[in-house]
file my_file-v4.csv (CSV, C-alpha atoms)
chain,number,residue,atom,x,y,z
A,94,MET,CA,26.8,10.7,133.1
A,95,ILE,CA,24.2,13.1,131.7
A,96,GLU,CA,22.5,12.4,128.4
A,97,ALA,CA,21.5,15.4,126.3
A,98,THR,CA,19.8,15.8,122.9
A,99,SER,CA,20.1,18.7,120.5
A,100,CYS,CA,18.8,19.4,117.0
A,101,GLY,CA,20.2,21.6,114.3
A,102,GLY,CA,20.2,22.5,110.7
A,103,VAL,CA,22.5,22.7,107.7
A,104,VAL,CA,20.8,25.7,106.1
A,105,ILE,CA,21.4,26.3,102.4
A,106,PHE,CA,20.5,29.3,100.2
A,107,ARG,CA,21.6,29.4,96.5
A,108,GLY,CA,24.2,26.7,97.2
A,109,LYS,CA,25.8,28.5,100.2
A,110,ILE,CA,25.8,27.2,103.7
A,111,LEU,CA,24.9,29.2,106.9
A,112,VAL,CA,27.5,29.1,109.6
A,113,LEU,CA,27.9,31.0,112.9
A,114,TYR,CA,31.0,32.4,114.6
A,115,LYS,CA,31.1,32.0,118.4
A,116,ASN,CA,33.4,34.1,120.6
A,117,TYR,CA,33.0,33.8,124.4
A,118,LYS,CA,34.7,36.5,126.5
A,119,ASN,CA,37.0,37.4,123.6
A,120,LYS,CA,38.1,33.7,123.4
A,121,TYR,CA,37.8,32.0,119.9
A,122,GLU,CA,35.2,29.3,120.1
A,123,GLY,CA,35.1,28.6,116.4
A,124,TRP,CA,32.6,28.4,113.5
A,125,VAL,CA,29.6,26.1,114.1
A,126,LEU,CA,26.3,25.0,112.6
A,127,PRO,CA,23.2,26.3,114.4
A,128,LYS,CA,21.8,23.8,116.9
A,129,GLY,CA,20.3,23.7,120.4
A,130,THR,CA,18.7,21.7,123.1
A,131,VAL,CA,15.3,20.0,122.8
A,132,GLU,CA,12.7,21.5,125.1
A,133,ASP,CA,10.0,19.5,126.9
A,134,GLY,CA,7.2,18.4,124.6
A,135,GLU,CA,9.0,19.6,121.5
A,136,GLU,CA,9.6,17.4,118.4
A,137,PHE,CA,13.1,17.2,117.0
A,138,LYS,CA,12.0,19.1,113.8
A,139,GLU,CA,10.5,21.9,115.9
A,140,THR,CA,13.7,22.2,117.9
A,141,ALA,CA,15.8,22.4,114.8
A,142,LEU,CA,13.7,25.1,113.2
A,143,ARG,CA,13.4,27.1,116.5
A,144,GLU,CA,17.2,26.9,117.2
A,145,VAL,CA,18.0,28.0,113.6
A,146,LYS,CA,15.6,30.9,114.0
A,147,GLU,CA,16.9,31.9,117.5
A,148,GLU,CA,20.6,31.7,116.7
A,149,THR,CA,20.6,33.1,113.2
A,150,GLY,CA,17.2,35.0,112.7
A,151,VAL,CA,16.6,32.7,109.7
A,152,SER,CA,13.2,31.2,109.0
A,153,ALA,CA,14.2,28.0,107.2
A,154,SER,CA,12.2,25.1,106.0
A,155,ILE,CA,13.2,21.5,106.5
A,156,ILE,CA,13.9,19.5,103.4
A,157,LYS,CA,14.9,16.2,105.0
A,158,TYR,CA,16.6,14.5,108.0
A,159,ILE,CA,20.3,14.0,107.5
A,160,GLY,CA,21.4,12.0,110.5
A,161,LYS,CA,22.8,12.1,114.0
A,162,SER,CA,26.1,13.0,115.4
A,163,GLN,CA,27.3,12.0,118.9
A,164,TYR,CA,30.0,13.4,121.2
A,165,THR,CA,30.9,13.7,124.8
A,166,PHE,CA,32.3,16.6,126.8
A,167,ASN,CA,33.1,17.2,130.5
A,168,THR,CA,31.5,19.8,132.7
A,169,PRO,CA,32.8,20.5,136.2
A,170,GLN,CA,30.0,18.3,137.6
A,171,ASP,CA,29.8,15.5,135.1
A,172,MET,CA,30.4,14.0,131.7
A,173,VAL,CA,27.8,14.8,129.1
A,174,GLU,CA,26.9,12.4,126.2
A,175,LYS,CA,25.2,14.4,123.5
A,176,ASP,CA,23.2,13.3,120.5
A,177,VAL,CA,22.6,15.9,117.8
A,178,HIS,CA,19.9,15.3,115.1
A,179,TRP,CA,20.5,17.2,111.9
A,180,TYR,CA,18.2,18.4,109.1
A,181,LEU,CA,18.9,19.8,105.7
A,182,MET,CA,17.1,23.1,105.5
A,183,MET,CA,16.4,25.7,102.9
A,184,ALA,CA,16.4,29.5,103.5
A,185,ASP,CA,14.7,32.1,101.4
A,186,SER,CA,17.4,34.8,101.5
A,187,TYR,CA,21.0,35.5,102.5
A,188,TYR,CA,19.7,37.3,105.6
A,189,SER,CA,21.1,36.2,109.0
A,190,LYS,CA,21.6,37.9,112.4
A,191,PRO,CA,23.8,36.2,115.0
A,192,GLN,CA,22.3,35.8,118.4
A,193,ARG,CA,24.5,37.9,120.7
A,194,GLU,CA,23.1,36.3,123.9
A,195,GLU,CA,24.6,33.0,122.9
A,196,TYR,CA,28.0,34.8,122.1
A,197,PHE,CA,27.6,34.5,118.3
A,198,ILE,CA,29.3,37.5,116.9
A,199,ASP,CA,29.1,36.7,113.2
A,200,SER,CA,27.1,34.6,110.8
A,201,GLY,CA,27.0,34.2,107.0
A,202,TYR,CA,26.6,32.0,104.0
A,203,TYR,CA,29.7,30.4,102.6
A,204,LYS,CA,30.6,28.2,99.7
A,205,PHE,CA,30.8,24.5,100.6
A,206,TYR,CA,34.6,24.3,100.8
A,207,GLU,CA,34.8,27.6,102.8
A,208,ALA,CA,32.2,26.5,105.3
A,209,TYR,CA,33.9,23.1,105.6
A,210,HIS,CA,37.2,24.6,106.4
A,211,LEU,CA,35.7,27.2,108.8
A,212,LEU,CA,33.9,24.6,110.9
A,213,LYS,CA,35.7,23.8,114.1
A,214,PHE,CA,34.3,20.3,114.9
A,215,SER,CA,34.9,17.2,112.7
A,216,ASN,CA,31.5,15.8,113.4
A,217,GLU,CA,29.9,18.9,112.0
A,218,LYS,CA,32.1,18.7,109.0
A,219,GLN,CA,30.9,15.2,108.4
A,220,ILE,CA,27.2,16.3,108.7
A,221,LEU,CA,27.9,19.2,106.4
A,222,GLU,CA,29.4,16.9,103.8
A,223,LYS,CA,26.4,14.5,104.0
A,224,ALA,CA,23.9,17.4,103.8
A,225,TYR,CA,25.6,19.1,100.9
A,226,ASN,CA,25.7,15.8,98.9
A,227,GLU,CA,22.0,15.4,99.5
A,228,TYR,CA,21.5,19.0,98.3
A,229,LEU,CA,23.5,18.4,95.2
A,230,ASP,CA,21.5,15.2,94.4
A,231,LEU,CA,18.2,17.1,94.9
A,232,LYS,CA,19.4,19.9,92.7
A,233,LYS,CA,20.5,17.5,90.0
A,234,ALA,CA,17.1,15.9,90.0
A,235,ASN,CA,15.5,19.4,89.8
A,236,LEU,CA,13.8,18.9,93.2
A,237,TRP,CA,15.6,21.5,95.2
A,238,GLY,CA,13.3,24.4,95.9
A,239,SER,CA,10.3,22.8,94.3
A,240,LYS,CA,7.2,22.6,96.4
A,241,LYS,CA,6.4,19.1,95.2
A,242,TYR,CA,9.3,17.8,97.3
A,243,PHE,CA,7.7,18.8,100.7

call {"tool": "encode", "arguments": {"input": "my_file-v4.csv", "output": "structure tokens"}}
result
Amino acid sequence: MIEATSCGGVVIFRGKILVLYKNYKNKYEGWVLPKGTVEDGEEFKETALREVKEETGVSASIIKYIGKSQYTFNTPQDMVEKDVHWYLMMADSYYSKPQREEYFIDSGYYKFYEAYHLLKFSNEKQILEKAYNEYLDLKKANLWGSKKYF
């Protein structure tokens, strides 16, 4: 068994959530949240910010750690056990540009219930729900978007 660690972000701008559409060799791969593998010497926060930037073109800022999701999948060689660390992030515009090299052909900001139903994986839906509830709590407390929170 191989153990792998990735980090990603639930990126929000004006209440909408950034999601990516993946299509590999004209095969539907589904809508996902931006995430990727931790590189040597990189901290989890750095990985999350770098992957969001690479996959979506968005320079986001981390608001807080949301939690970890875990799943396993098989490759022809082995079984992979993956941990993904997630951060709630804030973008400063609706701009996004999907990374073609990673087979992302679309990206955009969607209302919570739209993003929730678009997402392919249940573990990402759970993280989205948790992150969005944190966002709503911060907004209610007038802390979302205020520099004093960082």

call {"tool": "closest_atom_pairs", "arguments": {"input": "my_file-v4.csv", "of": "segment 130-183 of chain A", "to": "segment 193-210 of chain A", "cutoff": "10 Å", "atoms": "all atoms listed in the file", "output": "CSV"}}
result
residue,atom,partner,partner_atom,distance
A:Glu147,CA,A:Glu195,CA,9.5
A:Glu148,CA,A:Glu195,CA,7.5
A:Thr149,CA,A:Ser200,CA,7.1

call {"tool": "residues_around", "arguments": {"input": "my_file-v4.csv", "residues": "Ile156 of chain A", "least_positions_apart": "5", "cutoff": "10 Å", "atoms": "all atoms listed in the file", "output": "ChimeraX atom specification"}}
result
/A:104,180-183,227-228,231,237-238,242-243

call {"tool": "closest_residue", "arguments": {"input": "my_file-v4.csv", "among": "A:Gly160, A:Gly108, A:Pro191, A:Gly101", "to": "Ala141 of chain A", "atoms": "only C-alpha atoms"}}
result
A:Gly101

call {"tool": "atom_distance", "arguments": {"input": "my_file-v4.csv", "atom1": "atom CA of Ser186 of chain A", "atom2": "atom CA of Lys161 of chain A"}}
result
26.5 Å

call {"tool": "residues_around", "arguments": {"input": "my_file-v4.csv", "residues": "His178 of chain A", "least_positions_apart": "2", "cutoff": "12 Å", "atoms": "all atoms listed in the file", "output": "NGL selection string"}}
result
:A and (97-103 or 126-131 or 136-142 or 157-164 or 175-176 or 180-181 or 216-217 or 220)

call {"tool": "write_last_selection", "arguments": {"input": "my_file-v4.csv", "atoms": "C-alpha atoms", "output": "compact mmCIF listing (two decimals), keeping the file's coordinate frame"}}
result
# COMPACT_ATOMS: atom_id res chain seq x y z
CA ALA A 97 21.50 15.40 126.30
CA THR A 98 19.80 15.80 122.90
CA SER A 99 20.10 18.70 120.50
CA CYS A 100 18.80 19.40 117.00
CA GLY A 101 20.20 21.60 114.30
CA GLY A 102 20.20 22.50 110.70
CA VAL A 103 22.50 22.70 107.70
CA LEU A 126 26.30 25.00 112.60
CA PRO A 127 23.20 26.30 114.40
CA LYS A 128 21.80 23.80 116.90
CA GLY A 129 20.30 23.70 120.40
CA THR A 130 18.70 21.70 123.10
CA VAL A 131 15.30 20.00 122.80
CA GLU A 136 9.60 17.40 118.40
CA PHE A 137 13.10 17.20 117.00
CA LYS A 138 12.00 19.10 113.80
CA GLU A 139 10.50 21.90 115.90
CA THR A 140 13.70 22.20 117.90
CA ALA A 141 15.80 22.40 114.80
CA LEU A 142 13.70 25.10 113.20
CA LYS A 157 14.90 16.20 105.00
CA TYR A 158 16.60 14.50 108.00
CA ILE A 159 20.30 14.00 107.50
CA GLY A 160 21.40 12.00 110.50
CA LYS A 161 22.80 12.10 114.00
CA SER A 162 26.10 13.00 115.40
CA GLN A 163 27.30 12.00 118.90
CA TYR A 164 30.00 13.40 121.20
CA LYS A 175 25.20 14.40 123.50
CA ASP A 176 23.20 13.30 120.50
CA TYR A 180 18.20 18.40 109.10
CA LEU A 181 18.90 19.80 105.70
CA ASN A 216 31.50 15.80 113.40
CA GLU A 217 29.90 18.90 112.00
CA ILE A 220 27.20 16.30 108.70

call {"tool": "closest_residue", "arguments": {"input": "my_file-v4.csv", "among": "A:Ala224, A:Met172, A:Val112, A:Val151", "to": "Glu96 of chain A", "atoms": "all atoms listed in the file"}}
result
A:Met172

call {"tool": "atom_distance", "arguments": {"input": "my_file-v4.csv", "atom1": "atom CA of Gly134 of chain A", "atom2": "atom CA of Ser152 of chain A"}}
result
21.1 Å

call {"tool": "closest_residue", "arguments": {"input": "my_file-v4.csv", "among": "A:Leu113, A:Ile155, A:Leu212, A:Leu221", "to": "Ala184 of chain A", "atoms": "all atoms listed in the file"}}
result
A:Ile155
